[in-house]
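A.B. asks: The structure's right below; bear with me while I get my questions together.
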Amino acid sequence: MTETRTSVTVTVNGRAVEAAPGELLIDVAERAGTYIPRFCYHPRMEPVGMCRMCLVEVEGPRGATLQPACYQHVNDGMVVTTDSPKAKKAQEGVLEFLLANHPLDCPVCDKGGECPLQDQTLTHGPGETRFVEEKRHFVKPIEIGPLVLLDRERCIQCARCTRFAAEVAGDTEIAFAGRGDLIEVAPSPEHPFTSVFSGNTVQICPVGALTAKPYRFAARPWDLDQVESTCTQCAVGCRLAVQSSGDRLTRVLGVDSDPVNHGWLCDKGRFTLDAVDGHGGLSDPLDPRARITSPLVRRDGTLVEATWGEALARAAELLRAAGEADGGVGVIGGAALTNESAYAWARVAREVLGTEHVDAQYGDGLDPRRVLALPGATIDDACAARVVLTLCGDPREELPVLFLRLRGALVRPGHDLVELAVGPSALHPLATVSIPVRPGEAHRVVDALLDEGRAPADLALDDDARERARRLLGDGEGVVVVAGRTNLAEDPSVVERALTRLADALPRARFLVALRRGNVRGAIDAGLAPGLRPGRVLAAGGRDTRAQLAALREGVQRAVLVLGDLVGNVIDRPGAEAALERADVVVVTGHGGATLAHADVVLPAAVQHERAGTVTNLEGRVTAVVPKVVAPGAAWPDVAIAAELARALGADLAMDSVVEAARAYESATGYPALSVLLDSTSEGRVAGSPSAPVARRPLDPMAFPGIRSAEWVGLGESAGDRSPPPRWPTSPRPRCPRCPDATPTASR
Amino acid sequence: MSHLRVDLRQRAEELVALYPRPRSALLPLLHLVQEQDGYVSPEGIDEVAELTGTTSADVRGTASFYDMFHLEPVGRYVVGVCTNIACLLAGGEELLAHASRRLDCAVGSTTDDGLFTLEETECLADCGHAPCVTVNHRYVRTTTPEAFDALVDEVRQGRRDHEIPHHGTLVRVRRNGGLRVPDEVIAAERAAAKAARARRLEEAG
Amino acid sequence: MNRPGVYEVEMVKNTFRDLIYDPAFGGGVPGDRPVKAFIPGGVSAPWFGPDQLDLPLGQDEVGGQGSMLRSGSVVVLDDTTCLVRAAWRITKFFSRESCGQCTPCREGSGWIERAMYRLEHGGGRVEDLELLLDLCDNIAPGLTWPPQQTTICVLGPSIPSSVHAAIEMFKGEFLAHVDKQGCPFD
Ligand code: SF4
Ligand code: SF4
Ligand code: SF4
Ligand code: FES
Ligand code: FES
């Protein structure tokens, strides 16, 4: 019997280091405190050994040879020297080669101050250039997509961006073109770089070659201040760093959270800062892009600015009057709030207004009482699963980074995807078995899939596919079902019934319920769901959004407290407008929107990046959101609004701060809150799962170009004032006939 | 709608089926596009991407790596003059300069009438006949300026059309499809080659 | 060559001299010019001088002298040839053929090519010799035989072969280029 080793010993610069067999030398050395310079290596992508910056000496049978540390798997007894004269000369040689054709752009380059090339040049690089020839020229930055610009002169051809596109996003919209020192990153001219993940390439580009339009020339890294927070644009809950310069948000970067986003973000999460600042001060309250900066009260048919006291009093008056009749008042919305705010509003509804009619979903989700009761799975569980079964919309559209994680797992051997295909999906090409499902038939298809015997003919199922799917699913061991609302026009019970059947038939399967709105899971857990009290305690009755709107139209319900933009998000928009038209409407929101056309009182709230608290992602992981800027005008955080409204209604929630709210929420529900809030950079905790705290992986400084490097790096001083090189005879380079000033695009 | 002609599209599908992974057929397919369009056209790129399950950026990137694929329209005749070491020593640079003057077009560009594109090439593996010239990748063994001028005239007049088809036209050997050349022609070519070798040996004594 | 062509010879039996001068093979240098240097096996191979003409055509024999027979393509440089120009053109070839993946080959080949072009065309400086050798060393550390490499593939260490050999063997010719600020063969 051969023994497989679980650990090997490597000698790095004379020190013995323990490592797992097959680990990459560059990681092992870094853990041992020896940082090997690098450009192309990225810890979340396959190594390629292209830039050669990480060359170190490795002893071999024929003496020590130079090997790229990022491409070298360690084995027992390996002896490595990273700082020998030979290794140093090789590294410095590579750096000099990289600089040979690199423009002297630092003073005008967005990367300046957080540039690994600049940093490494100042640390190890040559002081003077020996390259006196004319540098390579390209037309300066070209737009390769709606959000991304490329400066080919600054590109060091590390292939991080192209590898991200091919390997991680799987949508190769950019690739290298050309050959030799003329290679360039290029989209196809007919198909620009429109990937929903395009911003990641900008973040991982180790130089200023790729820049994102929203951040170009917006700030200098040493002016930036940052906090770590969580994205609430969808339910994945990616971890991110929010940066600002003064009180202006400037940039969002992905943070490498091992259980969640691996450093990636989607462009929706990355480039929505405009929404926070109201797109430069739009003020029409019906415009969803505008911010609401003052309380508004309807007088003589128009919304006018009011003081908080006036607005709260009017809101209390309307809600109290409606609440006198049984079932006269309800609450809709709240999926974009923090858990603490959601909990505060749930208590206002239940304890102060005395109503069970609360629903955070706009009729576009599933019944939480049914789907959240299924045995839960985390994102990691889904990625480790032997078989993933999907019954949901296109995850790339709805939950983009979940798509990246699932894709990353499914392209590896040992993972199969069984797709109940309700429509086009970016996961489709990875499916082992794909079973088409027509609207309204998911439950019948699932029945037919699980039942022995012949499938009903009208479903037109392929017997072979059915058989293969059944075999893969087995009894559900190693199966994770990713489930969500498949079709907004279809009754949610179709999916709910399908899921219930799956849970019965596959007792060992687990479910990752992909309700997609920002913090919808947290809002439900906090009690903003019909029939679910805080902590998901079952209660009787309660109208969901659809039922509330019907009750409003019928006059059974008289008033509604709307948390967010109901009209802009609901499926049956005319129905919602008709309902609100008849009702007394109090809206708590940070943004304008069509709902405000029907509002009697508007209470302005802080939005993401302006408020503190915790949020819960689709898998139940609780992480912190941290404010970076202050809310504009008179906007308050929701917790404060809820507490003050309660007070105006004669009640005291005893929640005068987020900390108090978190403490109360934690003790009432048992879900983590306060501990997470106080450790805002943690990976968070999944309630009820015995996950040990995760050790944060060392962040790749190039995957995460923080403000850190600004502390010890200034601008390259000599960069701007070098005397122009003498005019040497210049070796002719191929020229592009169409743009004679530039080296050609791709064709030679 | 397929951009490739029906016969080429069919040929393309056959090629894709030859490989365990469709992607492997990328280069042969690009040759088909070039055979039809004379260069690797954007429409052709899209179709190759579709046929191989890759993307247009990917296909274009791959095509741009190779000197024999042209991403911009080129002349009907692509003239390559080698200036690599053996040809350099035998006057390749001078011949290239002559060609540029004679065709009145810069190296790397196309004559105004769209007939010729002039290229400087690396070793064409015919160093024995340096300086080496090809037209549409057919060796023409034209090593002097005078011979070059004669070649240009003949090509202009269409007198070399039998041996030099328009740019992009593929060679005549096709895998699985066999040779598209009459057996007699091949036999004659072989005999001529044999005779030439015998003559050389004899001369060498 | 009087008779350029492709010849089949028995390994180790014949020498380079046979190959170059035997009427059955190369048939001698046109105009009976003396051999200044020759490339024994393709442009990746370090060059040999006239004193190595009697080496047998064998892998080990050539390898032992610090070059290689590999592709078997022998290129003869006579005394009318500018070695700077020859080495420049070979580097240009590698620069064009570099796939562009790894830095030392992609940037190194282009840099060396430009510097050689500059030398040949009248921009040479004395310090360029040292610069060129150092750039070569950054691609093939130690400039040893067989070569080491900082590159991914062996195209990298092929780049320095000709430039390194030319500088070692014909330093005076380089300096003449610097002195004249141009090519002495023009
Ligand atoms: S900041 Fe970095 S990428 Fe920008 S020009 Fe300077 S070295 Fe290049
Ligand atoms: S654009 Fe940036 S990430 Fe892409 S290859 Fe160039 S340097 Fe690397
Ligand atoms: S996937 Fe969702 S949570 Fe992640 S960045 Fe995008 S919108 Fe934000
Ligand atoms: S070769 Fe190792 S980091 Fe690029
Ligand atoms: S060098 Fe011109 S064909 Fe070989």
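Residues in the structure tokens are numbered from 1 in each chain, the chains being A, B, ... in the order shown, and ligands are numbered from 1 in the order shown.
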To check your reading of the model: which residues sit at most 10 Å from ligand 3 when counting only C-alpha atoms and all ligand atoms? Write the answer as an MDAnalysis selection string.
C.D. replies: chainID A and resid 196:197 230:240 252:254 260:261 263:272 395:404 516:519 617:618
A.B. asks: Give as a PyMOL selection string every residue of chain A that touches chain B within 6 Å, counting only C-alpha atoms.
C.D. replies: chain A and resi 173-179+187-188+746-747
A.B. asks: Give me a file of those residues, with all heavy atoms, as a tab-separated table (two decimals), in the first residue's frame.
C.D. replies:
```
chain	number	residue	atom	x	y	z
A	173	GLU	N	-14.81	37.31	-24.56
A	173	GLU	CA	-15.05	38.45	-25.44
A	173	GLU	C	-13.78	39.24	-25.69
A	173	GLU	O	-13.78	40.15	-26.51
A	173	GLU	CB	-16.10	39.38	-24.82
A	173	GLU	CG	-17.48	38.78	-24.85
A	173	GLU	CD	-18.50	39.70	-24.19
A	173	GLU	OE1	-18.11	40.62	-23.44
A	173	GLU	OE2	-19.68	39.47	-24.41
A	174	ILE	N	-12.74	38.94	-24.93
A	174	ILE	CA	-11.44	39.55	-25.23
A	174	ILE	C	-10.41	38.43	-25.30
A	174	ILE	O	-10.50	37.44	-24.58
A	174	ILE	CB	-11.00	40.58	-24.16
A	174	ILE	CG1	-11.20	40.00	-22.75
A	174	ILE	CG2	-11.76	41.88	-24.30
A	174	ILE	CD1	-10.62	40.88	-21.66
A	175	ALA	N	-9.46	38.59	-26.19
A	175	ALA	CA	-8.41	37.58	-26.35
A	175	ALA	C	-7.18	38.29	-26.89
A	175	ALA	O	-7.29	39.40	-27.42
A	175	ALA	CB	-8.85	36.49	-27.31
A	176	PHE	N	-6.04	37.66	-26.76
A	176	PHE	CA	-4.84	38.24	-27.35
A	176	PHE	C	-4.93	38.15	-28.86
A	176	PHE	O	-5.37	37.15	-29.41
A	176	PHE	CB	-3.59	37.49	-26.88
A	176	PHE	CG	-3.06	38.01	-25.58
A	176	PHE	CD1	-2.73	37.14	-24.55
A	176	PHE	CD2	-2.88	39.37	-25.38
A	176	PHE	CE1	-2.24	37.62	-23.35
A	176	PHE	CE2	-2.38	39.85	-24.19
A	176	PHE	CZ	-2.06	38.98	-23.17
A	177	ALA	N	-4.47	39.20	-29.50
A	177	ALA	CA	-4.35	39.18	-30.95
A	177	ALA	C	-2.92	39.54	-31.29
A	177	ALA	O	-2.25	40.26	-30.54
A	177	ALA	CB	-5.32	40.17	-31.58
A	178	GLY	N	-2.46	39.05	-32.42
A	178	GLY	CA	-1.11	39.38	-32.86
A	178	GLY	C	-0.07	38.42	-32.30
A	178	GLY	O	-0.40	37.37	-31.75
A	179	ARG	N	1.18	38.84	-32.44
A	179	ARG	CA	2.26	37.95	-32.05
A	179	ARG	C	3.45	38.79	-31.60
A	179	ARG	O	3.56	39.97	-31.96
A	179	ARG	CB	2.64	37.08	-33.25
A	179	ARG	CG	3.47	35.87	-32.90
A	179	ARG	CD	3.62	34.95	-34.07
A	179	ARG	NE	4.43	35.57	-35.11
A	179	ARG	CZ	4.30	35.30	-36.40
A	179	ARG	NH1	3.39	34.45	-36.82
A	179	ARG	NH2	5.07	35.89	-37.27
A	187	PRO	N	-11.01	42.75	-28.29
A	187	PRO	CA	-12.29	42.10	-28.54
A	187	PRO	C	-12.42	41.94	-30.05
A	187	PRO	O	-11.59	42.46	-30.80
A	187	PRO	CB	-13.30	43.12	-28.02
A	187	PRO	CG	-12.64	44.44	-28.22
A	187	PRO	CD	-11.14	44.21	-28.18
A	188	SER	N	-13.39	41.21	-30.49
A	188	SER	CA	-13.66	41.21	-31.92
A	188	SER	C	-14.34	42.55	-32.23
A	188	SER	O	-15.21	42.98	-31.48
A	188	SER	CB	-14.57	40.03	-32.24
A	188	SER	OG	-15.45	40.38	-33.25
A	746	ALA	N	-3.51	43.77	-34.65
A	746	ALA	CA	-3.55	42.34	-34.97
A	746	ALA	C	-2.88	41.96	-36.29
A	746	ALA	O	-1.92	41.23	-36.30
A	746	ALA	CB	-4.96	41.82	-34.95
A	747	SER	N	-3.31	42.45	-37.41
A	747	SER	CA	-2.73	41.92	-38.63
A	747	SER	C	-1.36	42.54	-38.85
A	747	SER	O	-1.12	43.67	-38.49
A	747	SER	CB	-3.63	42.25	-39.81
A	747	SER	OG	-3.67	43.63	-40.00
```
A.B. asks: When DSSP works through the backbone of this structure, what residues of range 3-184 of chain C end up as alpha helix (DSSP H), shown as a short mmCIF file (atom, residue, chain, number, x, y, z; two decimals) with N, CA and C atoms, in the first residue's frame?
C.D. replies:
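Listing of selection.cif after writing:
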```cif
data_model
loop_
_atom_site.label_atom_id
_atom_site.label_comp_id
_atom_site.auth_asym_id
_atom_site.auth_seq_id
_atom_site.Cartn_x
_atom_site.Cartn_y
_atom_site.Cartn_z
N PHE C 16 32.44 19.60 -41.98
CA PHE C 16 31.86 20.81 -42.55
C PHE C 16 32.62 21.22 -43.81
N ARG C 17 33.94 21.01 -43.77
CA ARG C 17 34.73 21.38 -44.95
C ARG C 17 34.24 20.60 -46.17
N ASP C 18 34.01 19.29 -45.97
CA ASP C 18 33.49 18.48 -47.09
C ASP C 18 32.19 19.09 -47.60
N LEU C 19 31.30 19.36 -46.66
CA LEU C 19 29.97 19.82 -47.04
C LEU C 19 30.06 21.13 -47.83
N ILE C 20 30.97 21.99 -47.39
CA ILE C 20 31.04 23.31 -48.02
C ILE C 20 31.82 23.27 -49.34
N TYR C 21 32.90 22.49 -49.37
CA TYR C 21 33.78 22.59 -50.54
C TYR C 21 33.65 21.44 -51.53
N GLN C 59 26.27 15.11 -33.98
CA GLN C 59 25.65 15.88 -32.89
C GLN C 59 26.65 16.11 -31.75
N ASP C 60 27.32 15.02 -31.34
CA ASP C 60 28.19 15.15 -30.17
C ASP C 60 29.39 16.04 -30.47
N GLU C 61 29.95 15.87 -31.67
CA GLU C 61 31.13 16.64 -32.04
C GLU C 61 30.81 18.13 -32.03
N VAL C 62 29.68 18.48 -32.64
CA VAL C 62 29.30 19.88 -32.70
C VAL C 62 28.88 20.38 -31.32
N GLY C 63 28.13 19.52 -30.61
CA GLY C 63 27.70 19.89 -29.27
C GLY C 63 28.89 20.15 -28.37
N GLY C 64 29.91 19.34 -28.49
CA GLY C 64 31.10 19.50 -27.66
C GLY C 64 31.79 20.84 -27.87
N LEU C 83 28.80 40.97 -40.32
CA LEU C 83 28.29 40.08 -39.30
C LEU C 83 27.25 40.75 -38.41
N VAL C 84 27.36 42.06 -38.29
CA VAL C 84 26.37 42.78 -37.49
C VAL C 84 25.02 42.69 -38.20
N ARG C 85 25.07 42.88 -39.50
CA ARG C 85 23.83 42.81 -40.26
C ARG C 85 23.24 41.40 -40.21
N ALA C 86 24.10 40.41 -40.36
CA ALA C 86 23.63 39.03 -40.33
C ALA C 86 22.99 38.72 -38.98
N ALA C 87 23.68 39.09 -37.90
CA ALA C 87 23.14 38.80 -36.58
C ALA C 87 21.86 39.59 -36.33
N TRP C 88 21.82 40.83 -36.84
CA TRP C 88 20.60 41.63 -36.70
C TRP C 88 19.42 40.91 -37.36
N ARG C 89 19.65 40.42 -38.60
CA ARG C 89 18.54 39.83 -39.34
C ARG C 89 18.03 38.57 -38.65
N ILE C 90 18.96 37.84 -38.06
CA ILE C 90 18.53 36.62 -37.36
C ILE C 90 17.70 36.99 -36.13
N THR C 91 18.14 38.03 -35.44
CA THR C 91 17.37 38.46 -34.27
C THR C 91 16.00 38.97 -34.69
N LYS C 92 15.96 39.64 -35.83
CA LYS C 92 14.67 40.13 -36.31
C LYS C 92 13.71 38.96 -36.55
N PHE C 93 14.29 37.89 -37.08
CA PHE C 93 13.48 36.69 -37.28
C PHE C 93 12.89 36.21 -35.96
N PHE C 94 13.74 36.10 -34.93
CA PHE C 94 13.22 35.63 -33.65
C PHE C 94 12.20 36.60 -33.07
N SER C 95 12.45 37.87 -33.27
CA SER C 95 11.52 38.85 -32.74
C SER C 95 10.15 38.71 -33.41
N ARG C 96 10.17 38.41 -34.69
CA ARG C 96 8.88 38.22 -35.36
C ARG C 96 8.24 36.90 -35.00
N GLU C 97 9.07 35.90 -34.73
CA GLU C 97 8.49 34.58 -34.44
C GLU C 97 8.13 34.42 -32.98
N THR C 103 7.81 37.32 -21.09
CA THR C 103 8.44 38.63 -21.18
C THR C 103 9.85 38.62 -21.78
N PRO C 104 10.75 37.78 -21.28
CA PRO C 104 12.13 37.92 -21.78
C PRO C 104 12.23 37.73 -23.28
N CYS C 105 11.46 36.79 -23.81
CA CYS C 105 11.52 36.54 -25.24
C CYS C 105 10.81 37.64 -26.01
N ARG C 106 9.61 37.99 -25.58
CA ARG C 106 8.81 38.99 -26.29
C ARG C 106 9.53 40.33 -26.34
N GLU C 107 9.96 40.79 -25.17
CA GLU C 107 10.57 42.12 -25.11
C GLU C 107 12.06 42.06 -25.44
N GLY C 108 12.70 40.98 -24.98
CA GLY C 108 14.14 40.87 -25.21
C GLY C 108 14.47 40.79 -26.68
N SER C 109 13.73 39.99 -27.42
CA SER C 109 14.04 39.84 -28.85
C SER C 109 13.87 41.18 -29.57
N GLY C 110 12.82 41.89 -29.22
CA GLY C 110 12.57 43.17 -29.88
C GLY C 110 13.63 44.20 -29.52
N TRP C 111 14.02 44.20 -28.27
CA TRP C 111 15.02 45.17 -27.83
C TRP C 111 16.36 44.91 -28.51
N ILE C 112 16.78 43.64 -28.48
CA ILE C 112 18.08 43.30 -29.09
C ILE C 112 18.04 43.63 -30.58
N GLU C 113 16.91 43.32 -31.20
CA GLU C 113 16.80 43.59 -32.63
C GLU C 113 16.95 45.09 -32.90
N ARG C 114 16.29 45.90 -32.10
CA ARG C 114 16.37 47.34 -32.33
C ARG C 114 17.78 47.87 -32.09
N ALA C 115 18.42 47.35 -31.04
CA ALA C 115 19.77 47.82 -30.75
C ALA C 115 20.73 47.40 -31.87
N MET C 116 20.57 46.19 -32.38
CA MET C 116 21.43 45.73 -33.47
C MET C 116 21.18 46.57 -34.73
N TYR C 117 19.93 46.87 -34.97
CA TYR C 117 19.61 47.70 -36.13
C TYR C 117 20.29 49.06 -36.00
N ARG C 118 20.21 49.59 -34.81
CA ARG C 118 20.81 50.90 -34.55
C ARG C 118 22.32 50.85 -34.80
N LEU C 119 22.95 49.80 -34.28
CA LEU C 119 24.39 49.64 -34.50
C LEU C 119 24.72 49.60 -35.99
N GLU C 120 23.95 48.80 -36.70
CA GLU C 120 24.23 48.60 -38.13
C GLU C 120 23.99 49.90 -38.90
N GLU C 127 29.16 51.19 -25.36
CA GLU C 127 28.50 50.47 -24.26
C GLU C 127 27.41 49.50 -24.75
N ASP C 128 27.08 49.62 -26.03
CA ASP C 128 26.06 48.70 -26.55
C ASP C 128 26.51 47.24 -26.50
N LEU C 129 27.81 47.01 -26.64
CA LEU C 129 28.28 45.63 -26.62
C LEU C 129 27.96 44.99 -25.28
N GLU C 130 28.27 45.74 -24.23
CA GLU C 130 28.00 45.22 -22.90
C GLU C 130 26.49 45.09 -22.68
N LEU C 131 25.75 46.09 -23.14
CA LEU C 131 24.29 46.05 -23.00
C LEU C 131 23.73 44.81 -23.70
N LEU C 132 24.17 44.58 -24.93
CA LEU C 132 23.65 43.45 -25.69
C LEU C 132 23.96 42.14 -24.97
N LEU C 133 25.18 42.00 -24.49
CA LEU C 133 25.54 40.75 -23.81
C LEU C 133 24.71 40.60 -22.54
N ASP C 134 24.44 41.70 -21.86
CA ASP C 134 23.66 41.60 -20.64
C ASP C 134 22.20 41.24 -20.94
N LEU C 135 21.68 41.82 -22.01
CA LEU C 135 20.31 41.46 -22.39
C LEU C 135 20.25 39.98 -22.76
N CYS C 136 21.27 39.53 -23.49
CA CYS C 136 21.34 38.10 -23.83
C CYS C 136 21.37 37.26 -22.56
N ASP C 137 22.15 37.72 -21.61
CA ASP C 137 22.28 36.99 -20.35
C ASP C 137 20.96 36.95 -19.59
N ASN C 138 20.15 37.97 -19.75
CA ASN C 138 18.85 37.97 -19.08
C ASN C 138 17.85 37.04 -19.75
N ILE C 139 18.18 36.57 -20.92
CA ILE C 139 17.32 35.58 -21.59
C ILE C 139 17.89 34.18 -21.37
N LEU C 155 12.72 28.89 -27.69
CA LEU C 155 12.94 29.98 -28.63
C LEU C 155 13.76 31.07 -27.93
N GLY C 156 13.51 31.20 -26.63
CA GLY C 156 14.22 32.23 -25.85
C GLY C 156 15.73 32.13 -26.00
N PRO C 157 16.32 31.01 -25.53
CA PRO C 157 17.78 30.93 -25.61
C PRO C 157 18.32 30.87 -27.04
N SER C 158 17.45 30.74 -28.02
CA SER C 158 17.93 30.81 -29.41
C SER C 158 18.25 32.24 -29.80
N ILE C 159 17.60 33.18 -29.15
CA ILE C 159 17.77 34.58 -29.55
C ILE C 159 19.22 35.04 -29.38
N PRO C 160 19.85 34.76 -28.23
CA PRO C 160 21.19 35.30 -28.05
C PRO C 160 22.26 34.63 -28.91
N SER C 161 22.01 33.42 -29.42
CA SER C 161 23.09 32.66 -30.05
C SER C 161 23.90 33.50 -31.03
N SER C 162 23.21 34.10 -32.00
CA SER C 162 23.95 34.78 -33.06
C SER C 162 24.60 36.06 -32.54
N VAL C 163 23.87 36.81 -31.75
CA VAL C 163 24.42 38.08 -31.27
C VAL C 163 25.62 37.82 -30.36
N HIS C 164 25.45 36.87 -29.47
CA HIS C 164 26.54 36.53 -28.57
C HIS C 164 27.77 36.08 -29.37
N ALA C 165 27.55 35.16 -30.31
CA ALA C 165 28.68 34.66 -31.11
C ALA C 165 29.32 35.80 -31.89
N ALA C 166 28.50 36.63 -32.49
CA ALA C 166 29.05 37.71 -33.31
C ALA C 166 29.91 38.65 -32.48
N ILE C 167 29.44 38.95 -31.28
CA ILE C 167 30.23 39.86 -30.44
C ILE C 167 31.52 39.19 -29.99
N GLU C 168 31.41 37.93 -29.59
CA GLU C 168 32.60 37.21 -29.14
C GLU C 168 33.63 37.09 -30.26
N MET C 169 33.14 36.75 -31.45
CA MET C 169 34.08 36.43 -32.53
C MET C 169 34.54 37.68 -33.29
N LYS C 171 34.32 41.22 -32.32
CA LYS C 171 34.16 42.44 -31.55
C LYS C 171 34.66 43.65 -32.35
N GLY C 172 35.77 43.45 -33.06
CA GLY C 172 36.35 44.55 -33.84
C GLY C 172 35.37 45.08 -34.87
N GLU C 173 34.62 44.19 -35.46
CA GLU C 173 33.68 44.63 -36.48
C GLU C 173 32.57 45.49 -35.85
N PHE C 174 32.17 45.12 -34.63
CA PHE C 174 31.18 45.95 -33.94
C PHE C 174 31.76 47.34 -33.67
N LEU C 175 33.01 47.33 -33.16
CA LEU C 175 33.62 48.62 -32.82
C LEU C 175 33.80 49.47 -34.07
N ALA C 176 34.07 48.80 -35.19
CA ALA C 176 34.21 49.55 -36.45
C ALA C 176 32.88 50.23 -36.80
N HIS C 177 31.78 49.54 -36.52
CA HIS C 177 30.47 50.15 -36.74
C HIS C 177 30.28 51.39 -35.86
N VAL C 178 30.76 51.26 -34.62
CA VAL C 178 30.62 52.39 -33.71
C VAL C 178 31.48 53.55 -34.20
N ASP C 179 32.74 53.22 -34.55
CA ASP C 179 33.67 54.26 -35.01
C ASP C 179 33.13 55.00 -36.21
N LYS C 180 32.67 54.20 -37.17
CA LYS C 180 32.26 54.80 -38.44
C LYS C 180 30.85 55.39 -38.34
#
```
A.B. asks: What do you get as a VMD selection string if you pick all residues at most 7 Å from ligand 5, counting only C-alpha atoms and all ligand atoms?
C.D. replies: chain B and resid 82 to 87 122 to 127 130 to 132
A.B. asks: Counting only C-alpha atoms, which residues of chain A come no farther than 10 Å from chain C, as a PyMOL selection string?
C.D. replies: chain A and resi 48-53+55-56+65-68+86-87+89-101+130-136+156-159+176+178-184+726-733+748
A.B. asks: As a quick test: using only C-alpha atoms and all ligand atoms, which residues lie no more than 10 Å away from ligand 1? Give them as an NGL selection string.
C.D. replies: :A and (98-99 or 102-122 or 151 or 153-156 or 205-210 or 715-716 or 719)
A.B. asks: Return the single residue from C:Pro46, C:Trp145, C:Ser73, C:Pro34 that is closest to chain B, with distances computed using only C-alpha atoms.
C.D. replies: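 Of C:Pro46, C:Trp145, C:Ser73, C:Pro34, the one nearest chain B, counting only C-alpha atoms, is C:Ser73.
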A.B. asks: So what do you get for CA of Tyr71 in chain A versus CA of Pro147 in chain C, distance-wise?
C.D. replies: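 Distance reported for this atom pair: 20.6 Å.
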A.B. asks: Show which residues sit within 8 Å of Thr623 in chain A, as a PyMOL selection string. Count only C-alpha atoms, and ignore same-chain residues fewer than 6 positions away.
C.D. replies: chain A and resi 229-230+614-616+676-677+680+682-685
A.B. asks: Selection from above, N, CA, C and O atoms, as a JSON list (two decimals), in the first residue's frame, can you write it?
C.D. replies:
```
[["chain", "number", "residue", "atom", "x", "y", "z"],
["A", 229, "SER", "N", -17.34, 45.99, 3.04],
["A", 229, "SER", "CA", -18.78, 45.93, 3.21],
["A", 229, "SER", "C", -19.32, 44.78, 2.36],
["A", 229, "SER", "O", -18.56, 43.93, 1.89],
["A", 230, "THR", "N", -20.63, 44.76, 2.18],
["A", 230, "THR", "CA", -21.27, 43.70, 1.43],
["A", 230, "THR", "C", -22.17, 44.34, 0.38],
["A", 230, "THR", "O", -22.85, 45.32, 0.67],
["A", 614, "THR", "N", -26.26, 44.52, 9.36],
["A", 614, "THR", "CA", -25.88, 43.24, 8.80],
["A", 614, "THR", "C", -26.88, 42.87, 7.71],
["A", 614, "THR", "O", -28.01, 43.39, 7.69],
["A", 615, "VAL", "N", -26.45, 42.02, 6.81],
["A", 615, "VAL", "CA", -27.34, 41.50, 5.78],
["A", 615, "VAL", "C", -27.13, 39.99, 5.68],
["A", 615, "VAL", "O", -26.11, 39.47, 6.12],
["A", 616, "THR", "N", -28.10, 39.32, 5.12],
["A", 616, "THR", "CA", -28.05, 37.86, 5.02],
["A", 616, "THR", "C", -28.15, 37.49, 3.55],
["A", 616, "THR", "O", -29.08, 37.92, 2.87],
["A", 676, "VAL", "N", -21.27, 39.99, 14.26],
["A", 676, "VAL", "CA", -20.85, 40.27, 12.89],
["A", 676, "VAL", "C", -20.67, 41.78, 12.69],
["A", 676, "VAL", "O", -19.71, 42.24, 12.08],
["A", 677, "LEU", "N", -21.60, 42.51, 13.25],
["A", 677, "LEU", "CA", -21.54, 43.97, 13.10],
["A", 677, "LEU", "C", -20.24, 44.52, 13.69],
["A", 677, "LEU", "O", -19.63, 45.44, 13.14],
["A", 680, "SER", "N", -16.53, 43.76, 11.26],
["A", 680, "SER", "CA", -17.12, 43.98, 9.95],
["A", 680, "SER", "C", -16.29, 43.42, 8.80],
["A", 680, "SER", "O", -16.75, 43.37, 7.67],
["A", 682, "SER", "N", -15.18, 40.27, 8.81],
["A", 682, "SER", "CA", -15.20, 38.81, 8.85],
["A", 682, "SER", "C", -15.98, 38.26, 7.66],
["A", 682, "SER", "O", -16.71, 38.96, 6.99],
["A", 683, "GLU", "N", -15.78, 36.98, 7.41],
["A", 683, "GLU", "CA", -16.50, 36.33, 6.32],
["A", 683, "GLU", "C", -17.95, 36.09, 6.69],
["A", 683, "GLU", "O", -18.71, 35.55, 5.91],
["A", 684, "GLY", "N", -18.32, 36.42, 7.91],
["A", 684, "GLY", "CA", -19.70, 36.25, 8.33],
["A", 684, "GLY", "C", -19.98, 34.84, 8.79],
["A", 684, "GLY", "O", -19.13, 33.97, 8.77],
["A", 685, "ARG", "N", -21.21, 34.64, 9.24],
["A", 685, "ARG", "CA", -21.59, 33.32, 9.74],
["A", 685, "ARG", "C", -22.92, 32.91, 9.14],
["A", 685, "ARG", "O", -23.79, 33.73, 8.93]]
```
